[in-house]
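Peer 1: entry.cif is reproduced below (mmCIF, C-alpha atoms).
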```cif
data_structure
loop_
_atom_site.label_atom_id
_atom_site.label_comp_id
_atom_site.auth_asym_id
_atom_site.auth_seq_id
_atom_site.Cartn_x
_atom_site.Cartn_y
_atom_site.Cartn_z
CA MET M 16 51.03 -90.97 86.44
CA ALA M 17 49.35 -90.51 89.78
CA ALA M 18 51.20 -91.52 92.94
CA GLU M 19 48.82 -94.04 94.44
CA GLY M 20 51.12 -94.69 97.35
CA LYS M 21 49.60 -92.06 99.62
CA THR M 22 47.03 -89.99 97.72
CA ILE M 23 45.93 -89.34 94.17
CA ASP M 24 47.95 -86.51 92.64
CA ALA M 25 45.02 -84.32 91.61
CA LEU M 26 46.66 -80.88 91.73
CA GLY M 27 49.92 -81.57 89.93
CA GLN M 28 48.29 -80.87 86.57
CA PHE M 29 48.11 -77.15 87.38
CA GLU M 30 51.85 -76.75 87.73
CA LEU M 31 53.38 -74.30 85.27
CA VAL M 32 56.23 -75.43 83.01
CA THR M 33 58.12 -73.20 80.61
CA VAL M 34 57.72 -74.08 76.95
CA PHE M 35 59.73 -73.37 73.79
CA GLY M 36 62.98 -74.55 75.35
CA PRO M 37 65.68 -72.06 76.41
CA ILE M 38 63.92 -69.04 74.87
CA GLY M 39 60.81 -69.73 76.92
CA GLY M 40 62.86 -70.55 79.97
CA ALA M 41 64.65 -67.22 79.74
CA VAL M 42 61.46 -65.11 79.85
CA GLY M 43 59.33 -67.55 81.82
CA PHE M 44 56.91 -68.28 78.97
CA THR M 45 54.73 -71.07 80.32
CA GLN M 46 52.04 -73.28 78.79
CA SER M 47 49.52 -70.89 80.35
CA ASN M 48 50.89 -68.03 78.24
CA ALA M 49 50.99 -70.22 75.14
CA HIS M 50 47.33 -71.09 75.56
CA MET M 51 46.41 -67.45 76.11
CA LEU M 52 48.09 -66.59 72.80
CA LEU M 53 46.26 -69.48 71.17
CA ALA M 54 42.93 -68.27 72.58
CA VAL M 55 43.48 -64.74 71.30
CA GLY M 56 44.55 -66.16 67.92
CA ILE M 57 41.39 -68.24 67.66
CA ILE M 58 39.13 -65.31 68.59
CA THR M 59 40.87 -63.06 66.06
CA ALA M 60 40.61 -65.76 63.40
CA ILE M 61 36.89 -66.26 64.06
CA VAL M 62 36.12 -62.57 63.83
CA MET M 63 38.45 -61.76 60.92
CA PHE M 64 37.71 -64.74 58.69
CA GLY M 65 34.07 -64.70 59.68
CA MET M 66 33.52 -61.11 58.68
CA ALA M 67 35.87 -61.18 55.65
CA SER M 68 32.96 -61.77 53.28
CA ARG M 69 30.65 -58.93 54.20
CA ALA M 70 27.62 -60.59 52.65
CA LEU M 71 24.20 -59.19 53.39
CA ILE M 72 22.91 -62.73 53.77
CA PRO M 73 25.56 -64.36 55.95
CA GLY M 74 27.13 -67.72 55.29
CA ARG M 75 27.94 -70.11 58.13
CA MET M 76 31.21 -68.57 59.31
CA GLN M 77 29.82 -65.05 59.18
CA SER M 78 26.71 -66.21 61.02
CA ALA M 79 28.88 -67.66 63.77
CA ALA M 80 30.91 -64.49 64.19
CA GLU M 81 27.81 -62.25 64.04
CA GLY M 82 25.96 -64.57 66.42
CA ALA M 83 28.73 -64.39 69.00
CA TYR M 84 28.90 -60.61 68.76
CA GLU M 85 25.14 -60.17 68.90
CA PHE M 86 24.85 -62.47 71.91
CA VAL M 87 27.32 -60.36 73.91
CA ALA M 88 25.98 -57.06 72.55
CA ASP M 89 22.43 -57.98 73.59
CA LEU M 90 23.72 -59.01 77.00
CA ALA M 91 25.65 -55.79 77.59
CA LYS M 92 23.09 -53.42 76.09
CA GLY M 93 20.22 -55.20 77.84
CA GLN M 94 21.87 -54.72 81.22
CA ILE M 95 23.54 -51.33 80.86
CA GLY M 96 21.01 -49.66 78.60
CA GLU M 97 20.72 -49.29 74.82
CA HIS M 98 22.70 -46.07 74.50
CA GLU M 99 25.32 -46.28 77.26
CA GLY M 100 25.87 -49.97 76.65
CA ARG M 101 27.32 -49.43 73.18
CA ARG M 102 30.55 -48.03 74.61
CA PHE M 103 31.17 -51.13 76.71
CA VAL M 104 30.29 -53.83 74.20
CA PRO M 105 33.88 -54.21 72.89
CA PHE M 106 35.17 -54.67 76.43
CA VAL M 107 32.50 -57.19 77.45
CA PHE M 108 32.94 -59.03 74.13
CA SER M 109 36.71 -59.34 74.62
CA LEU M 110 36.22 -60.46 78.21
CA PHE M 111 33.54 -63.02 77.34
CA MET M 112 35.42 -64.53 74.40
CA PHE M 113 38.72 -64.66 76.29
CA VAL M 114 37.18 -66.43 79.29
CA LEU M 115 35.13 -68.73 77.02
CA MET M 116 38.16 -69.75 74.95
CA GLY M 117 40.22 -70.18 78.11
CA ASN M 118 37.64 -72.48 79.64
CA LEU M 119 36.98 -74.48 76.47
CA LEU M 120 40.58 -74.92 75.35
CA GLY M 121 41.39 -76.71 78.59
CA LEU M 122 38.99 -79.52 77.70
CA LEU M 123 41.11 -80.65 74.75
CA PRO M 124 43.60 -83.45 75.44
CA TYR M 125 47.00 -82.34 76.70
CA ALA M 126 45.78 -78.74 76.87
CA PHE M 127 45.92 -76.35 79.81
CA THR M 128 43.10 -74.26 81.30
CA PHE M 129 44.67 -70.90 81.91
CA THR M 130 41.56 -69.68 83.74
CA SER M 131 42.16 -72.30 86.42
CA HIS M 132 44.82 -70.12 88.02
CA ILE M 133 43.69 -67.51 90.54
CA ALA M 134 46.39 -65.16 89.22
CA VAL M 135 44.72 -65.01 85.81
CA THR M 136 41.13 -64.74 87.02
CA PHE M 137 42.04 -62.21 89.70
CA ALA M 138 43.79 -60.07 87.09
CA LEU M 139 40.65 -60.14 84.92
CA ALA M 140 38.39 -59.40 87.93
CA LEU M 141 40.68 -56.57 89.01
CA ILE M 142 40.51 -55.05 85.51
CA VAL M 143 36.70 -55.15 85.72
CA PHE M 144 36.70 -53.68 89.24
CA VAL M 145 39.05 -50.81 88.41
CA LEU M 146 37.04 -50.11 85.26
CA ILE M 147 33.69 -49.88 87.05
CA THR M 148 35.12 -47.71 89.83
CA ALA M 149 36.79 -45.41 87.30
CA VAL M 150 33.62 -45.20 85.19
CA ALA M 151 31.52 -44.36 88.26
CA LEU M 152 33.99 -41.73 89.45
CA VAL M 153 34.32 -40.11 86.03
CA LEU M 154 30.56 -40.08 85.38
CA HIS M 155 29.34 -39.11 88.83
CA GLY M 156 32.27 -37.54 90.68
CA LYS M 157 31.77 -37.22 94.40
CA LYS M 158 28.20 -38.56 94.25
CA PHE M 159 29.76 -41.99 93.72
CA PHE M 160 30.08 -42.29 97.51
CA GLY M 161 26.33 -41.87 97.82
CA TYR M 162 26.12 -45.34 96.24
CA PHE M 163 26.95 -46.88 99.59
CA PHE M 164 23.99 -45.29 101.38
CA PRO M 165 20.77 -46.07 99.52
CA GLU M 166 18.38 -43.16 99.66
CA GLY M 167 15.24 -43.69 101.67
CA ALA M 168 17.03 -45.64 104.39
CA PRO M 169 16.72 -44.12 107.89
CA LEU M 170 19.81 -42.14 108.89
CA TRP M 171 20.44 -43.98 112.15
CA LEU M 172 21.08 -47.19 110.19
CA ALA M 173 24.02 -45.56 108.36
CA PRO M 174 26.77 -46.92 110.68
CA ILE M 175 25.50 -50.44 109.89
CA ILE M 176 24.59 -50.09 106.22
CA ILE M 177 27.67 -48.21 105.00
CA PRO M 178 30.34 -50.72 106.18
CA VAL M 179 28.24 -53.63 104.89
CA GLU M 180 27.82 -51.95 101.50
CA VAL M 181 31.51 -51.07 101.28
CA ILE M 182 32.56 -54.61 102.14
CA SER M 183 30.17 -56.11 99.62
CA TYR M 184 31.47 -53.68 96.97
CA LEU M 185 35.08 -54.59 97.73
CA SER M 186 34.24 -58.29 97.65
CA ARG M 187 33.16 -58.09 93.99
CA PRO M 188 36.57 -58.82 92.40
CA VAL M 189 37.15 -61.55 94.99
CA SER M 190 33.90 -63.35 94.26
CA LEU M 191 34.23 -62.89 90.48
CA SER M 192 37.71 -64.36 90.40
CA ILE M 193 37.12 -67.20 92.86
CA ARG M 194 33.90 -68.28 91.13
CA LEU M 195 35.66 -68.77 87.79
CA PHE M 196 38.90 -70.22 89.14
CA ALA M 197 37.24 -72.65 91.56
CA ASN M 198 34.79 -73.92 88.90
CA MET M 199 37.59 -74.64 86.46
CA THR M 200 39.92 -76.17 89.06
CA ALA M 201 37.21 -78.36 90.59
CA GLY M 202 36.20 -79.65 87.16
CA HIS M 203 39.69 -80.61 86.16
CA VAL M 204 40.48 -82.15 89.56
CA LEU M 205 37.39 -84.35 89.18
CA LEU M 206 38.43 -85.37 85.66
CA LYS M 207 41.92 -86.24 86.89
CA VAL M 208 40.59 -88.29 89.83
CA PHE M 209 38.30 -90.41 87.69
CA ALA M 210 41.03 -90.88 85.10
CA THR M 211 43.29 -92.13 87.88
CA PHE M 212 40.56 -94.58 88.88
CA VAL M 213 40.50 -95.91 85.31
CA VAL M 214 44.26 -96.47 85.33
CA MET M 215 44.27 -97.97 88.83
CA LEU M 216 41.43 -100.38 88.02
CA GLY M 217 42.98 -101.29 84.68
CA GLY M 218 46.10 -102.42 86.46
CA LEU M 219 44.16 -105.08 88.37
CA GLY M 220 43.91 -107.60 85.52
CA ALA M 221 40.96 -108.77 83.40
CA VAL M 222 38.20 -108.08 85.93
CA GLY M 223 39.71 -104.69 86.63
CA THR M 224 39.64 -103.78 82.96
CA PHE M 225 35.91 -104.46 82.83
CA ALA M 226 35.32 -102.43 85.99
CA ALA M 227 37.44 -99.58 84.60
CA VAL M 228 34.71 -98.85 82.04
CA LEU M 229 32.61 -97.29 84.80
CA PRO M 230 34.94 -94.40 85.75
CA LEU M 231 35.58 -93.92 82.03
CA ALA M 232 31.85 -93.50 81.40
CA VAL M 233 31.71 -91.01 84.28
CA ASN M 234 34.58 -89.12 82.66
CA VAL M 235 32.76 -88.94 79.35
CA LEU M 236 29.69 -87.46 81.07
CA LEU M 237 31.94 -85.13 83.06
CA ILE M 238 33.50 -83.73 79.88
CA GLY M 239 30.01 -82.92 78.62
CA PHE M 240 29.18 -81.27 81.95
CA GLU M 241 32.46 -79.34 81.88
CA ILE M 242 31.65 -77.94 78.44
CA LEU M 243 28.37 -76.66 79.88
CA VAL M 244 30.15 -75.19 82.91
CA ALA M 245 32.78 -73.55 80.67
CA CYS M 246 30.16 -71.71 78.62
CA LEU M 247 28.06 -70.93 81.71
CA GLN M 248 30.96 -69.45 83.66
CA ALA M 249 31.99 -67.24 80.75
CA TYR M 250 28.36 -66.06 80.43
CA VAL M 251 28.11 -65.38 84.18
CA PHE M 252 31.39 -63.44 84.17
CA ALA M 253 30.18 -61.26 81.30
CA MET M 254 26.71 -60.89 82.83
CA LEU M 255 28.05 -59.82 86.22
CA THR M 256 30.45 -57.38 84.53
CA SER M 257 27.45 -55.88 82.72
CA ILE M 258 25.44 -55.66 85.95
CA TYR M 259 28.33 -53.90 87.73
CA LEU M 260 28.69 -51.54 84.76
CA HIS M 261 24.96 -50.79 85.01
CA ASP M 262 25.46 -49.92 88.68
CA ALA M 263 28.44 -47.73 87.79
CA VAL M 264 26.69 -45.90 84.96
CA HIS M 265 23.35 -45.39 86.68
CA LEU M 266 24.34 -45.47 90.39
CA HIS M 267 21.23 -47.60 91.00
CA MET E 3 52.70 -85.56 112.31
CA GLU E 4 49.91 -88.09 111.96
CA ILE E 5 47.48 -86.03 114.04
CA ALA E 6 47.96 -83.00 111.80
CA ALA E 7 47.17 -85.04 108.67
CA ALA E 8 44.10 -86.58 110.33
CA ALA E 9 42.92 -83.19 111.59
CA LYS E 10 43.31 -81.73 108.10
CA SER E 11 41.14 -84.47 106.64
CA ILE E 12 38.48 -83.96 109.31
CA GLY E 13 38.56 -80.19 108.76
CA ALA E 14 38.16 -80.61 105.02
CA GLY E 15 35.24 -82.95 105.60
CA ILE E 16 33.48 -80.48 107.90
CA ALA E 17 34.11 -77.64 105.44
CA VAL E 18 32.02 -79.31 102.75
CA LEU E 19 28.99 -79.62 105.04
CA ALA E 20 28.06 -76.19 103.68
CA LEU E 21 27.05 -77.90 100.45
CA PHE E 22 23.86 -79.04 102.20
CA GLY E 23 22.51 -75.48 102.08
CA VAL E 24 23.74 -75.00 98.53
CA GLY E 25 21.94 -78.12 97.31
CA LEU E 26 18.75 -76.87 98.93
CA ALA E 27 19.13 -73.47 97.27
CA LEU E 28 19.83 -74.92 93.82
CA GLY E 29 16.74 -77.11 94.01
CA ASN E 30 14.75 -74.03 95.04
CA ILE E 31 15.98 -71.96 92.10
CA PHE E 32 15.11 -74.53 89.47
CA SER E 33 11.80 -75.53 91.04
CA THR E 34 10.73 -71.87 91.02
CA LEU E 35 12.01 -71.53 87.45
CA ILE E 36 9.96 -74.51 86.29
CA ALA E 37 6.88 -73.40 88.23
CA SER E 38 7.01 -69.86 86.86
CA VAL E 39 7.50 -71.05 83.27
CA ALA E 40 4.64 -73.52 83.74
CA ARG E 41 2.37 -70.72 84.93
CA ASN E 42 3.29 -68.39 82.08
CA PRO E 43 5.18 -70.06 79.23
CA ALA E 44 5.71 -66.75 77.46
CA SER E 45 7.99 -65.59 80.26
CA ARG E 46 10.58 -68.26 79.50
CA ASP E 47 12.99 -65.99 77.60
CA ILE E 48 12.92 -63.43 80.39
CA VAL E 49 13.11 -65.75 83.38
CA PHE E 50 15.63 -68.30 82.08
CA PRO E 51 18.74 -66.03 82.02
CA ILE E 52 17.96 -64.84 85.56
CA GLY E 53 17.61 -68.48 86.65
CA ILE E 54 20.98 -69.35 85.13
CA LEU E 55 22.57 -66.32 86.81
CA GLY E 56 21.11 -67.40 90.16
CA PHE E 57 22.38 -70.93 89.61
CA ALA E 58 25.90 -69.70 88.90
CA LEU E 59 25.97 -67.38 91.89
CA THR E 60 24.79 -70.16 94.21
CA GLU E 61 27.30 -72.58 92.68
CA ALA E 62 29.97 -70.01 93.53
CA VAL E 63 29.14 -70.39 97.23
CA ALA E 64 29.57 -74.14 96.90
CA LEU E 65 32.97 -73.55 95.35
CA PHE E 66 33.93 -71.17 98.13
CA ALA E 67 33.35 -74.06 100.55
CA LEU E 68 35.37 -76.40 98.32
CA LEU E 69 38.15 -73.82 98.17
CA ILE E 70 38.30 -73.68 101.99
CA ALA E 71 38.41 -77.48 102.09
CA PHE E 72 41.33 -77.52 99.64
CA LEU E 73 43.11 -74.80 101.58
CA ILE E 74 42.75 -76.82 104.77
CA LEU E 75 43.88 -80.05 103.11
CA PHE E 76 46.82 -78.80 101.11
CA THR E 77 48.38 -75.88 103.01
#
```
Would you put the structure from the file into structure tokens?

Peer 2:
Amino acid sequence: MAAEGKTIDALGQFELVTVFGPIGGAVGFTQSNAHMLLAVGIITAIVMFGMASRALIPGRMQSAAEGAYEFVADLAKGQIGEHEGRRFVPFVFSLFMFVLMGNLLGLLPYAFTFTSHIAVTFALALIVFVLITAVALVLHGKKFFGYFFPEGAPLWLAPIIIPVEVISYLSRPVSLSIRLFANMTAGHVLLKVFATFVVMLGGLGAVGTFAAVLPLAVNVLLIGFEILVACLQAYVFAMLTSIYLHDAVHLH
Amino acid sequence: MEIAAAAKSIGAGIAVLALFGVGLALGNIFSTLIASVARNPASRDIVFPIGILGFALTEAVALFALLIAFLILFT
């Protein structure tokens, strides 16, 4: 319950607790890890059971799995290019589905949003950043550093342009991770605050119980909005990864 | 220290003033999206993903401001 003495306890929900008793406590297996395993299990189940019947005319489950794959494949290949994009579709698909499941699973009751921790989102963003730098270096070698000085710009502007470009390149993992983590955290803080309002108003007697319907209605609408934000943030993460991969593969 | 707690609250309040610009930008994005689809309805499938991307990137700036506010309030 929230401590209404001083402030509403909005951030306590993000605290990590070890699960599975002494075994979990020994290795530090938290509810965040449990939900990650659940997310991966759900994705694997969707793809495996969806594609188990390889019918030419797909049934519902197969349509769902194919639809998810085609959505991400179109996204990646549309950004990176038809031919080069094929190599990165598995990566973008895994990234998109993992982030999507992470965001959506947190909306279930008593569940935990593992993408609401900066450690998780920064790890994902760092993977993307290292990948795009490695891809650019492997494909283009030393010409990768020409990326920071766009051709056609006058040479005397170089001392200004190059540091700005380098800083904006290095800020990519930061902005990717903070965008996802802050969206998820802000959403769940808002849900917790309005839920606390419901409980606080309900404790005020009969009139309070009637008034408590209002924050509850807001919470219902907020859950709908959070579902939209969950899907949107996963899409934006995958889209930005594809855009950065396009930059890495084509160097503009 | 009472003053520190009060100053934190004031700092957090000032930090979210940045959302004024973000609200302006979000309205701009969607008004241009609607206007461009109204001019040329066939362009909807091309313009809509870009509009959503722009919305998410602008929303990220709003959340940067919120993050600073939380950092001021809670650490």

Peer 1: Name the residues that the PyMOL selection byres ((chain E) within 12 of (chain M)) pulls out of this structure, and write them as a list in words.

Peer 2: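 When the PyMOL selection byres ((chain E) within 12 of (chain M)) is applied, the selected residues are Ala7, Ile48, Pro51, Ile52, Gly53, Ile54, Leu55, Gly56, Phe57, Ala58, Leu59, Thr60, Glu61, Ala62, Val63, Ala64, Leu65, Phe66, Ala67, Leu68, Leu69, Ile70, Ala71, Phe72, Leu73, Leu75 and Phe76 of chain E.
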
Peer 1: Within 8 Å of (13.5, -69.8, 87.2), in the coordinates the file gives, what residues turn up when you count all atoms listed in the file, written out as a PyMOL selection string?

Peer 2: chain E and resi 31-39+49-50+52-54

Peer 1: If you measure from CA of Ser186 in chain M to CA of Ala140 in chain M, what distance in Å do you get, rounded to one decimal?

Peer 2: 10.6 Å

Peer 1: Pick out the residues sitting within 8 Å of range 227-232 of chain M, and hand them over as a list in words; count all atoms listed in the file, and ignore anything fewer than 2 positions along from it in its own chain.

Peer 2: Phe209, Ala210, Phe212, Val213, Val214, Leu216, Gly217, Gly223, Thr224, Phe225, Asn234, Val235 and Leu236 of chain M

Peer 1: Please compute the CA of Phe137 in chain M-CA of Ser11 in chain E distance, one decimal, in Å.

Peer 2: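 If I compute the distance from CA of Phe137 in chain M to CA of Ser11 in chain E, I get 28.0 Å.
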
Peer 1: Any idea what the distance is between CA of Leu53 in chain M and CA of Gly100 in chain M?

Peer 2: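 Between CA of Leu53 in chain M and CA of Gly100 in chain M the gap works out to 28.7 Å.
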
Peer 1: Find the residues near Leu52 in chain M: any atom within 12 Å, counting all atoms listed in the file, skip ones fewer than 5 places away on the same chain, and give them as a PyMOL selection string.

Peer 2: chain M and resi 44-47+57-59+113+116-117+120+129

Peer 1: For those residues, write C-alpha atoms to a file as a PDB file, keeping the file's coordinate frame.

Peer 2:
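And here's selection21.pdb as it stands now:
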```
ATOM      1  CA  PHE M  44      56.910 -68.280  78.970  1.00  0.00           C
ATOM      2  CA  THR M  45      54.730 -71.070  80.320  1.00  0.00           C
ATOM      3  CA  GLN M  46      52.040 -73.280  78.790  1.00  0.00           C
ATOM      4  CA  SER M  47      49.520 -70.890  80.350  1.00  0.00           C
ATOM      5  CA  ILE M  57      41.390 -68.240  67.660  1.00  0.00           C
ATOM      6  CA  ILE M  58      39.130 -65.310  68.590  1.00  0.00           C
ATOM      7  CA  THR M  59      40.870 -63.060  66.060  1.00  0.00           C
ATOM      8  CA  PHE M 113      38.720 -64.660  76.290  1.00  0.00           C
ATOM      9  CA  MET M 116      38.160 -69.750  74.950  1.00  0.00           C
ATOM     10  CA  GLY M 117      40.220 -70.180  78.110  1.00  0.00           C
ATOM     11  CA  LEU M 120      40.580 -74.920  75.350  1.00  0.00           C
ATOM     12  CA  PHE M 129      44.670 -70.900  81.910  1.00  0.00           C
TER      13      PHE M 129
END
```

Peer 1: Output requested as a compact mmCIF listing (two decimals), keeping the file's coordinate frame - range 37-69 of chain E, filled out with N, CA and C atoms.

Peer 2:
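Everything below was put into part05.txt:
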```txt
# COMPACT_ATOMS: atom_id res chain seq x y z
N ALA E 37 8.25 -73.78 87.87
CA ALA E 37 6.88 -73.40 88.23
C ALA E 37 6.48 -72.11 87.53
N SER E 38 7.40 -71.13 87.47
CA SER E 38 7.01 -69.86 86.86
C SER E 38 6.85 -70.00 85.36
N VAL E 39 7.68 -70.84 84.71
CA VAL E 39 7.50 -71.05 83.27
C VAL E 39 6.23 -71.83 83.01
N ALA E 40 5.88 -72.75 83.93
CA ALA E 40 4.64 -73.52 83.74
C ALA E 40 3.43 -72.62 83.87
N ARG E 41 3.51 -71.63 84.79
CA ARG E 41 2.37 -70.72 84.93
C ARG E 41 2.20 -69.85 83.70
N ASN E 42 3.34 -69.38 83.14
CA ASN E 42 3.29 -68.39 82.08
C ASN E 42 4.37 -68.71 81.07
N PRO E 43 4.11 -69.61 80.13
CA PRO E 43 5.18 -70.06 79.23
C PRO E 43 5.83 -68.94 78.44
N ALA E 44 5.12 -67.84 78.24
CA ALA E 44 5.71 -66.75 77.46
C ALA E 44 6.85 -66.09 78.19
N SER E 45 6.95 -66.27 79.50
CA SER E 45 7.99 -65.59 80.26
C SER E 45 9.32 -66.32 80.22
N ARG E 46 9.39 -67.42 79.45
CA ARG E 46 10.58 -68.26 79.50
C ARG E 46 11.85 -67.50 79.12
N ASP E 47 11.78 -66.67 78.06
CA ASP E 47 12.99 -65.99 77.60
C ASP E 47 13.45 -64.92 78.58
N ILE E 48 12.53 -64.45 79.42
CA ILE E 48 12.92 -63.43 80.39
C ILE E 48 13.46 -64.09 81.65
N VAL E 49 12.78 -65.17 82.08
CA VAL E 49 13.11 -65.75 83.38
C VAL E 49 14.35 -66.64 83.31
N PHE E 50 14.56 -67.31 82.15
CA PHE E 50 15.63 -68.30 82.08
C PHE E 50 17.02 -67.72 82.33
N PRO E 51 17.40 -66.56 81.71
CA PRO E 51 18.74 -66.03 82.02
C PRO E 51 18.91 -65.69 83.50
N ILE E 52 17.86 -65.17 84.13
CA ILE E 52 17.96 -64.84 85.56
C ILE E 52 18.16 -66.12 86.37
N GLY E 53 17.44 -67.20 85.95
CA GLY E 53 17.61 -68.48 86.65
C GLY E 53 19.03 -69.00 86.53
N ILE E 54 19.60 -68.87 85.31
CA ILE E 54 20.98 -69.35 85.13
C ILE E 54 21.95 -68.51 85.95
N LEU E 55 21.71 -67.18 86.00
CA LEU E 55 22.57 -66.32 86.81
C LEU E 55 22.49 -66.73 88.27
N GLY E 56 21.26 -66.98 88.76
CA GLY E 56 21.11 -67.40 90.16
C GLY E 56 21.80 -68.72 90.42
N PHE E 57 21.70 -69.65 89.44
CA PHE E 57 22.38 -70.93 89.61
C PHE E 57 23.89 -70.74 89.73
N ALA E 58 24.45 -69.87 88.87
CA ALA E 58 25.90 -69.70 88.90
C ALA E 58 26.36 -69.04 90.19
N LEU E 59 25.58 -68.06 90.66
CA LEU E 59 25.97 -67.38 91.89
C LEU E 59 25.91 -68.34 93.08
N THR E 60 24.88 -69.21 93.11
CA THR E 60 24.79 -70.16 94.21
C THR E 60 25.90 -71.19 94.12
N GLU E 61 26.21 -71.63 92.88
CA GLU E 61 27.30 -72.58 92.68
C GLU E 61 28.61 -72.00 93.19
N ALA E 62 28.74 -70.66 93.06
CA ALA E 62 29.97 -70.01 93.53
C ALA E 62 30.15 -70.22 95.03
N VAL E 63 29.04 -70.18 95.79
CA VAL E 63 29.14 -70.39 97.23
C VAL E 63 29.63 -71.80 97.52
N ALA E 64 29.11 -72.76 96.72
CA ALA E 64 29.57 -74.14 96.90
C ALA E 64 31.07 -74.23 96.67
N LEU E 65 31.54 -73.48 95.65
CA LEU E 65 32.97 -73.55 95.35
C LEU E 65 33.80 -72.81 96.36
N PHE E 66 33.21 -71.78 97.03
CA PHE E 66 33.93 -71.17 98.13
C PHE E 66 34.21 -72.21 99.21
N ALA E 67 33.18 -73.03 99.53
CA ALA E 67 33.35 -74.06 100.55
C ALA E 67 34.42 -75.07 100.12
N LEU E 68 34.36 -75.45 98.83
CA LEU E 68 35.37 -76.40 98.32
C LEU E 68 36.76 -75.82 98.40
N LEU E 69 36.86 -74.50 98.10
CA LEU E 69 38.15 -73.82 98.17
C LEU E 69 38.71 -73.88 99.58
```
